[in-house]
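*Asks:* Can you read through this structure? Questions will come right after.
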Amino acid sequence: MDIKGLIFVGMVLWEACCMANAKFVFPVERKFKGPVTSLSAIKNHDSLRHGRLLSAVDINLGGTGLPNSVGLYYTKIKLGTPGTDYWVQVDTGSDLLWVTCSGCSSCATRSSIKGVELNLYNPAASNTSSIVMCDDEFCSATTLPGRAPACQVSKFCPYNIQYGDGGTTAGMYVKDLLTYNLVDADLNTSFANSSVYFGCGVNQAGTLDSNGDGSLSGIMGFGQASTSVLSQLAAAGKAKKIVSHCLDTVSGGGIFAIGEVVEPKINMTNLRTGMVHYNIILKDLEVGEESLSLPLDIFGSGNGRGTVIDSGTTLAYLPSAAYEQLMKKILDKQPDLKLVTIEQQFTCFSYEGNVDDGFPVVKFHFDGISLPVYPRDYLFPFRDDMRCIGWQRSAPSKSSKDTFLLGDLVLSNKLVVYDAENMLIGWTDYNCSSSIKVKDETTGAVYTVGAHNISSASSILIGRILAFSLMILALLNNF
């Protein structure tokens with residue numbers, strides 16, 4: 001095929017021949033930019049994240065770890081035939097898979113992450129790639145992100161996505177194979193593959209145009225839209241549209257899974273329909289078993305905002321009315337603290353005792369389920385002798401001022417399940433260094449999926465390195 005000078009969105013999925021009774025996994029690592037010496041790095045990360053999160057196009061950055069380290073979660077996938085390795089961010093909130101492609105002069109070609117080598121995808125070098133044309137059914141989808149409205153028959157299907165933070169990625173859509181690790185027994189995997197559509201980025205700009213500082217080759221989204229990897233696998237009958245993650249900040253490691261979790265049991269609540277993000281309605285907010293006196297409209301049942309659950313955000317952001325009351329009740333428990341403001345945005349203090357004994361538990365109450373946040377989670381260490389409060393005030397913008405945005409500060413050390421098939425979400429406190437059990441829908445077999453720590457990052461980096469297994473439950477056995 002003649003594709004000179006063109007970059008196509010590509011994600012390789014190999015057909016899961018004779019392996020549909022098993023689960024498949026992506027070993028996922030956490031990407032660090034090193035220890036945080038400036039707390040502004042945390043807010044800067046989330047500010048960029050929110051630009052993507054709150055923009056018109058639902059393309060978000062994926063998972064972060066401890067607040068005192070800035071990082072994202074990533075995995076190595078294999079695209080094309082013969083397969084080539086690509087390191088991509090893993091994101092439960094975004095929808096599109098895209099990778100940087102050959103011919104791109106503005107794409108990152110090196111990374112500061114030890115062991116990560118960046119490759120550019122070349123459709124011409126793959127025996128199984130196909131160019132997506134404007135008259136392709138996939139390209140004609142009205143919800144396709146970044147598709148040009150004037151896409152003409154016999155032309156390649158383009159995409160051009162601009163994020164709220166100014167970052168842009170543009171190129172063409174392509175279809176190819178993705179290689180992944182399939183779980184075919186307890187704590188055991190084998191190779192499998194399937195075909196999907198994805199983006200091949202020929203032009204990166206803004207925050208996506210960088211070399212060296214933790215750069216990766218793209219983003220792999222597992223959101224709800226039909227263009228996501230999750231949705232494509234579900235439409236092909238290869239996966240249930242259910243994503244789970246367990247992010248461990250105690251001993252490192254973690255789990256990232258797709259498929260029905262049968263153990264542990266999870267209480268669930270309804271997701272809001274018609275929302276681009278995983279969004280639920282908050283009913284009440286407690287600090288130390290005392291409810292905050294908040295106006296009813298702040299909970300989001302009618303303002304289009306609500307509460308967003310987002311593992312790609314480091315901290316937790318509350319509307320001003322909730323933030324002010326919450327902070328007062330927390331600090332009233334320790335009136336003798338000497339508070340200092342670091343970098344004009346973080347409230348910090350010295351504290352030598354056990355924070356779980358000295359500060360209250362914060363609870364978010366939803367319909368039929370509560371989300372407890374413990375002092376050890378929301379009071380993160382900045383230096384050896386200092387703790388900083390992770391609660392933050394939502395940005396005073398039209399799009400985010402009324403939004404509760406709950407990130408890893410709230411979600412860590414919990415198994416969180418996003419069930420987009422039944423529009424449910426739930427969680428439970430969990431030891432994320434252990435394992436979960438998932439069900440094979442075809443055979444009824446239940447397999448154990450364990451936590452992993454496969455980081456290639458240097459051991460001198462401060463902070464724990466979180467690695468996942470991404471397990472996808474195969475549904476059919478006739479591929």
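In the structure tokens, the first chain shown is A, the next is B, and so on; residue numbers restart at 1 for each chain, and ligands run from 1 in the order shown.
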So that I can check the surroundings of A:Thr347, please list as a ChimeraX atom specification every protein, DNA and RNA residue that reaches within 6 Å of it, counting only C-alpha atoms and ignoring chain neighbours fewer than 2 positions away.

*Replies:* /A:340-341,388-389

*Asks:* Report as a tab-separated table (two decimals) with all heavy atoms, in the first residue's frame all protein, DNA and RNA residues lying within 7 Å of stretch 363-370 of chain A, evaluated on only C-alpha atoms, omitting residues in the same chain fewer than 6 positions from it.

*Replies:*
```tsv
chain	number	residue	atom	x	y	z
A	267	ASN	N	-20.06	-4.14	46.26
A	267	ASN	CA	-21.33	-3.42	46.23
A	267	ASN	C	-21.26	-2.35	45.14
A	267	ASN	O	-20.25	-1.68	44.98
A	267	ASN	CB	-21.62	-2.76	47.58
A	267	ASN	CG	-21.91	-3.78	48.66
A	267	ASN	OD1	-22.50	-4.83	48.40
A	267	ASN	ND2	-21.51	-3.49	49.89
A	268	MET	N	-22.35	-2.20	44.40
A	268	MET	CA	-22.35	-1.32	43.24
A	268	MET	C	-23.41	-0.23	43.38
A	268	MET	O	-24.38	-0.37	44.11
A	268	MET	CB	-22.62	-2.13	41.97
A	268	MET	CG	-21.73	-3.36	41.78
A	268	MET	SD	-20.00	-2.97	41.44
A	268	MET	CE	-20.10	-2.51	39.70
A	269	THR	N	-23.22	0.86	42.63
A	269	THR	CA	-24.20	1.92	42.50
A	269	THR	C	-24.31	2.30	41.04
A	269	THR	O	-23.45	1.94	40.23
A	269	THR	CB	-23.82	3.14	43.37
A	269	THR	OG1	-24.93	4.05	43.42
A	269	THR	CG2	-22.60	3.86	42.82
A	281	ILE	N	-23.92	10.21	41.27
A	281	ILE	CA	-24.54	11.29	42.03
A	281	ILE	C	-24.24	11.11	43.51
A	281	ILE	O	-24.55	10.07	44.10
A	281	ILE	CB	-26.05	11.34	41.80
A	281	ILE	CG1	-26.34	11.65	40.32
A	281	ILE	CG2	-26.71	12.38	42.69
A	281	ILE	CD1	-27.81	11.61	39.98
A	282	LEU	N	-23.63	12.11	44.09
A	282	LEU	CA	-23.31	12.12	45.52
A	282	LEU	C	-24.56	12.46	46.32
A	282	LEU	O	-25.31	13.37	45.98
A	282	LEU	CB	-22.20	13.14	45.79
A	282	LEU	CG	-21.66	13.25	47.21
A	282	LEU	CD1	-20.97	11.96	47.63
A	282	LEU	CD2	-20.70	14.44	47.31
A	283	LYS	N	-24.79	11.71	47.41
A	283	LYS	CA	-25.94	11.94	48.28
A	283	LYS	C	-25.59	12.71	49.54
A	283	LYS	O	-26.39	13.51	50.04
A	283	LYS	CB	-26.57	10.59	48.66
A	283	LYS	CG	-27.10	9.78	47.49
A	283	LYS	CD	-28.31	10.42	46.86
A	283	LYS	CE	-28.94	9.52	45.82
A	283	LYS	NZ	-30.13	10.12	45.18
A	284	ASP	N	-24.39	12.45	50.08
A	284	ASP	CA	-24.02	13.08	51.34
A	284	ASP	C	-22.50	13.00	51.48
A	284	ASP	O	-21.85	12.14	50.89
A	284	ASP	CB	-24.69	12.36	52.51
A	284	ASP	CG	-24.56	13.12	53.83
A	284	ASP	OD1	-24.25	14.33	53.79
A	284	ASP	OD2	-24.74	12.51	54.90
A	285	LEU	N	-21.95	13.90	52.28
A	285	LEU	CA	-20.52	13.94	52.55
A	285	LEU	C	-20.31	14.11	54.04
A	285	LEU	O	-20.80	15.08	54.64
A	285	LEU	CB	-19.86	15.08	51.78
A	285	LEU	CG	-18.36	15.31	51.97
A	285	LEU	CD1	-17.57	14.04	51.68
A	285	LEU	CD2	-17.87	16.44	51.06
A	286	GLU	N	-19.61	13.16	54.65
A	286	GLU	CA	-19.38	13.16	56.10
A	286	GLU	C	-17.91	13.36	56.42
A	286	GLU	O	-17.03	12.86	55.71
A	286	GLU	CB	-19.81	11.82	56.72
A	286	GLU	CG	-21.29	11.64	56.89
A	286	GLU	CD	-21.59	10.32	57.61
A	286	GLU	OE1	-20.64	9.58	57.94
A	286	GLU	OE2	-22.77	10.04	57.83
A	287	VAL	N	-17.66	14.05	57.51
A	287	VAL	CA	-16.32	14.15	58.08
A	287	VAL	C	-16.42	13.75	59.54
A	287	VAL	O	-17.09	14.42	60.33
A	287	VAL	CB	-15.75	15.58	57.96
A	287	VAL	CG1	-14.34	15.63	58.55
A	287	VAL	CG2	-15.73	16.04	56.50
```

*Asks:* Closest to A:Leu294 among A:Ile113, A:Leu177, A:Cys107, A:Leu326, using only C-alpha atoms?

*Replies:*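 So, comparing all the options, the nearest one is A:Leu326.
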
*Asks:* From the DSSP assignment of the backbone, select every residue of stretch 338-433 of chain A that is alpha helix (DSSP H), and format the answer as number ranges by chain.

*Replies:* A: 355-358, 375-378, 408-411

*Asks:* Neighbouring residues of A:Cys246 were defined as those with any atom within 6 Å, considering only C-alpha atoms; residues of the same chain fewer than 2 positions away were excluded. Please report them as a CSV table (one decimal) with N, CA, C and O atoms, in the first residue's frame.

*Replies:*
```
chain,number,residue,atom,x,y,z
A,254,GLY,N,-0.1,-3.9,41.8
A,254,GLY,CA,-1.5,-3.6,41.6
A,254,GLY,C,-2.1,-4.5,40.6
A,254,GLY,O,-1.4,-5.3,40.0
A,255,ILE,N,-3.4,-4.3,40.3
A,255,ILE,CA,-4.1,-5.1,39.3
A,255,ILE,C,-4.9,-4.2,38.5
A,255,ILE,O,-5.5,-3.2,38.9
A,414,LYS,N,-8.0,0.3,47.0
A,414,LYS,CA,-9.3,-0.1,46.8
A,414,LYS,C,-9.4,-0.8,45.5
A,414,LYS,O,-8.8,-0.4,44.5
A,415,LEU,N,-10.2,-1.9,45.4
A,415,LEU,CA,-10.6,-2.5,44.2
A,415,LEU,C,-11.8,-1.7,43.6
A,415,LEU,O,-12.9,-1.7,44.3
A,432,CYS,N,-4.2,-4.6,47.5
A,432,CYS,CA,-3.9,-4.6,46.1
A,432,CYS,C,-2.7,-5.4,45.7
A,432,CYS,O,-2.3,-5.5,44.5
```

*Asks:* Using DSSP on the backbone coordinates, identify all residues within stretch 296-360 of chain A classified as strand (DSSP E or B); present the result as a list of chain:residue names.

*Replies:*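 Put together, the selection reads A:Thr307, A:Val308, A:Ile309, A:Ala316, A:Tyr317, A:Leu318, A:Val340, A:Thr341, A:Ile342, A:Phe346, A:Thr347, A:Cys348, A:Phe349.
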
*Asks:* If you keep all heavy atoms, can you produce a file of those selected residues as a CSV table (one decimal), in the first residue's frame?

*Replies:*
```
chain,number,residue,atom,x,y,z
A,307,THR,N,-20.3,13.7,40.3
A,307,THR,CA,-19.0,13.2,40.9
A,307,THR,C,-18.3,12.3,39.9
A,307,THR,O,-18.9,11.3,39.5
A,307,THR,CB,-19.3,12.5,42.2
A,307,THR,OG1,-19.9,13.3,43.1
A,307,THR,CG2,-17.9,12.0,42.8
A,308,VAL,N,-17.2,12.7,39.4
A,308,VAL,CA,-16.4,12.0,38.5
A,308,VAL,C,-15.4,11.1,39.2
A,308,VAL,O,-14.6,11.6,40.0
A,308,VAL,CB,-15.7,12.9,37.5
A,308,VAL,CG1,-14.8,12.1,36.5
A,308,VAL,CG2,-16.7,13.7,36.7
A,309,ILE,N,-15.3,9.8,38.9
A,309,ILE,CA,-14.3,8.9,39.4
A,309,ILE,C,-13.2,8.8,38.3
A,309,ILE,O,-13.5,8.3,37.2
A,309,ILE,CB,-14.9,7.5,39.7
A,309,ILE,CG1,-16.1,7.7,40.6
A,309,ILE,CG2,-13.9,6.6,40.3
A,309,ILE,CD1,-15.8,8.3,42.0
A,316,ALA,N,-7.8,15.0,44.9
A,316,ALA,CA,-9.3,15.0,44.9
A,316,ALA,C,-9.7,16.5,45.0
A,316,ALA,O,-9.2,17.3,45.8
A,316,ALA,CB,-9.8,14.2,46.1
A,317,TYR,N,-10.7,16.9,44.1
A,317,TYR,CA,-11.1,18.2,44.0
A,317,TYR,C,-12.6,18.4,44.3
A,317,TYR,O,-13.5,17.6,43.8
A,317,TYR,CB,-10.9,18.7,42.5
A,317,TYR,CG,-9.4,18.7,42.2
A,317,TYR,CD1,-8.7,17.5,41.9
A,317,TYR,CD2,-8.6,19.9,42.3
A,317,TYR,CE1,-7.3,17.5,41.6
A,317,TYR,CE2,-7.3,19.9,42.0
A,317,TYR,CZ,-6.6,18.7,41.7
A,317,TYR,OH,-5.3,18.7,41.5
A,318,LEU,N,-12.9,19.4,45.1
A,318,LEU,CA,-14.3,19.6,45.6
A,318,LEU,C,-14.8,21.0,45.3
A,318,LEU,O,-14.0,21.9,45.3
A,318,LEU,CB,-14.3,19.4,47.1
A,318,LEU,CG,-13.6,18.2,47.7
A,318,LEU,CD1,-13.7,18.2,49.3
A,318,LEU,CD2,-14.2,16.9,47.2
A,340,VAL,N,1.4,25.6,57.6
A,340,VAL,CA,2.1,26.4,56.6
A,340,VAL,C,1.6,26.2,55.2
A,340,VAL,O,1.1,25.1,54.9
A,340,VAL,CB,3.6,26.0,56.6
A,340,VAL,CG1,4.3,26.3,58.0
A,340,VAL,CG2,3.8,24.5,56.3
A,341,THR,N,1.7,27.2,54.4
A,341,THR,CA,1.2,27.0,53.0
A,341,THR,C,2.4,26.9,52.1
A,341,THR,O,3.3,27.8,52.1
A,341,THR,CB,0.4,28.3,52.6
A,341,THR,OG1,-0.8,28.4,53.4
A,341,THR,CG2,-0.1,28.1,51.1
A,342,ILE,N,2.5,25.8,51.4
A,342,ILE,CA,3.7,25.6,50.5
A,342,ILE,C,3.3,25.9,49.1
A,342,ILE,O,2.3,25.4,48.6
A,342,ILE,CB,4.2,24.1,50.7
A,342,ILE,CG1,4.7,23.9,52.1
A,342,ILE,CG2,5.2,23.8,49.7
A,342,ILE,CD1,5.2,22.5,52.4
A,346,PHE,N,-0.7,24.4,48.9
A,346,PHE,CA,-0.9,23.3,49.8
A,346,PHE,C,-0.8,23.6,51.2
A,346,PHE,O,0.1,24.3,51.7
A,346,PHE,CB,0.2,22.2,49.4
A,346,PHE,CG,0.0,21.5,48.1
A,346,PHE,CD1,0.5,22.0,46.9
A,346,PHE,CD2,-0.8,20.4,48.1
A,346,PHE,CE1,0.3,21.3,45.8
A,346,PHE,CE2,-1.0,19.7,46.9
A,346,PHE,CZ,-0.5,20.2,45.7
A,347,THR,N,-1.8,23.1,52.0
A,347,THR,CA,-1.8,23.3,53.5
A,347,THR,C,-1.0,22.1,54.1
A,347,THR,O,-1.4,21.0,53.9
A,347,THR,CB,-3.2,23.4,54.0
A,347,THR,OG1,-3.9,24.5,53.4
A,347,THR,CG2,-3.2,23.5,55.5
A,348,CYS,N,0.1,22.4,54.8
A,348,CYS,CA,0.9,21.4,55.3
A,348,CYS,C,1.2,21.7,56.8
A,348,CYS,O,1.0,22.8,57.3
A,348,CYS,CB,2.2,21.3,54.5
A,348,CYS,SG,2.0,21.0,52.7
A,349,PHE,N,1.7,20.6,57.5
A,349,PHE,CA,2.0,20.8,58.9
A,349,PHE,C,2.9,19.6,59.3
A,349,PHE,O,3.0,18.6,58.7
A,349,PHE,CB,0.7,20.8,59.7
A,349,PHE,CG,-0.2,19.6,59.5
A,349,PHE,CD1,0.0,18.4,60.1
A,349,PHE,CD2,-1.2,19.7,58.5
A,349,PHE,CE1,-0.8,17.3,59.8
A,349,PHE,CE2,-2.0,18.6,58.3
A,349,PHE,CZ,-1.8,17.4,58.9
```

*Asks:* Here is a test: counting only C-alpha atoms, which residue of A:Ile258, A:Cys200, A:Cys157, A:Met172 is nearest to A:Asn122?

*Replies:*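 So, comparing all the options, the nearest one is A:Cys200.
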
*Asks:* One number please: atom CA of A:Gln345 to atom CA of A:Pro360, in Å, one decimal.

*Replies:* 21.9 Å

*Asks:* Interatomic distance between atom CA of A:Tyr374 and atom CA of A:Asp419?

*Replies:*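 One can read the atom CA of A:Tyr374 to atom CA of A:Asp419 distance as 25.2 Å.
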
*Asks:* In Å to one decimal, how far is atom CA of A:Thr249 from atom CA of A:Leu409?

*Replies:* 9.9 Å

*Asks:* Give me the residues near A:Arg376 as a ChimeraX atom specification, where near means some atom within 9 Å (using only C-alpha atoms) and where sequence neighbours in that chain fewer than 5 positions away do not count.

*Replies:* /A:354-356

*Asks:* For those residues, write all heavy atoms to a file as a tab-separated table (two decimals), in the first residue's frame.

*Replies:*
```
chain	number	residue	atom	x	y	z
A	354	ASN	N	0.28	9.01	64.74
A	354	ASN	CA	-0.43	8.23	63.72
A	354	ASN	C	-1.60	9.07	63.22
A	354	ASN	O	-2.52	9.39	63.97
A	354	ASN	CB	-0.94	6.92	64.33
A	354	ASN	CG	-1.56	6.00	63.30
A	354	ASN	OD1	-2.15	6.45	62.32
A	354	ASN	ND2	-1.44	4.70	63.52
A	355	VAL	N	-1.58	9.44	61.95
A	355	VAL	CA	-2.61	10.33	61.43
A	355	VAL	C	-3.99	9.70	61.49
A	355	VAL	O	-5.00	10.41	61.63
A	355	VAL	CB	-2.28	10.78	59.99
A	355	VAL	CG1	-1.05	11.68	59.98
A	355	VAL	CG2	-2.12	9.59	59.06
A	356	ASP	N	-4.07	8.37	61.40
A	356	ASP	CA	-5.38	7.72	61.48
A	356	ASP	C	-6.00	7.87	62.87
A	356	ASP	O	-7.23	7.82	63.01
A	356	ASP	CB	-5.27	6.24	61.13
A	356	ASP	CG	-5.15	6.00	59.63
A	356	ASP	OD1	-5.47	6.93	58.87
A	356	ASP	OD2	-4.73	4.90	59.23
```

*Asks:* Set out as JSON lines a contact list for stretch 410-435 of chain A and stretch 84-96 of chain A with a cut-off of 12 Å, giving each residue of stretch 410-435 of chain A that qualifies its closest atom pair and distance in Å to one decimal, counting only C-alpha atoms, ordered by chain and rising residue number.

*Replies:*
```
{"residue": "A:Val416", "atom": "CA", "partner": "A:Thr92", "partner_atom": "CA", "distance": 11.1}
{"residue": "A:Val417", "atom": "CA", "partner": "A:Thr92", "partner_atom": "CA", "distance": 10.7}
{"residue": "A:Tyr418", "atom": "CA", "partner": "A:Thr92", "partner_atom": "CA", "distance": 8.8}
{"residue": "A:Asp419", "atom": "CA", "partner": "A:Thr92", "partner_atom": "CA", "distance": 11.5}
{"residue": "A:Ala420", "atom": "CA", "partner": "A:Thr92", "partner_atom": "CA", "distance": 11.2}
```

*Asks:* For those residues, write N, CA, C and O atoms to a file as a JSON list (two decimals), in the first residue's frame.

*Replies:*
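Output contents, as saved in selection-v9.json:
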```
[["chain", "number", "residue", "atom", "x", "y", "z"],
["A", 416, "VAL", "N", -11.61, -1.10, 42.48],
["A", 416, "VAL", "CA", -12.67, -0.30, 41.87],
["A", 416, "VAL", "C", -13.12, -1.01, 40.59],
["A", 416, "VAL", "O", -12.29, -1.36, 39.75],
["A", 417, "VAL", "N", -14.44, -1.19, 40.43],
["A", 417, "VAL", "CA", -14.99, -1.89, 39.28],
["A", 417, "VAL", "C", -15.90, -0.94, 38.51],
["A", 417, "VAL", "O", -16.85, -0.38, 39.08],
["A", 418, "TYR", "N", -15.61, -0.76, 37.20],
["A", 418, "TYR", "CA", -16.43, 0.05, 36.31],
["A", 418, "TYR", "C", -17.18, -0.91, 35.38],
["A", 418, "TYR", "O", -16.58, -1.49, 34.48],
["A", 419, "ASP", "N", -18.47, -1.06, 35.58],
["A", 419, "ASP", "CA", -19.28, -1.97, 34.77],
["A", 419, "ASP", "C", -20.10, -1.17, 33.77],
["A", 419, "ASP", "O", -21.22, -0.74, 34.04],
["A", 420, "ALA", "N", -19.51, -0.94, 32.58],
["A", 420, "ALA", "CA", -20.19, -0.14, 31.56],
["A", 420, "ALA", "C", -21.29, -0.93, 30.86],
["A", 420, "ALA", "O", -22.12, -0.36, 30.17]]
```

*Asks:* Given only C-alpha atoms as the basis, pick out the residue of A:Thr179, A:Gln232, A:Asn193, A:Ser102 nearest to A:Gly83.

*Replies:*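 For A:Gly83, the nearest of the given residues is A:Thr179.
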
*Asks:* Using only C-alpha atoms, can you tell me which of A:Asn119, A:Leu296, A:Val250, A:Ala451 comes closest to A:Asp377?

*Replies:*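 Nearest to A:Asp377: A:Val250.
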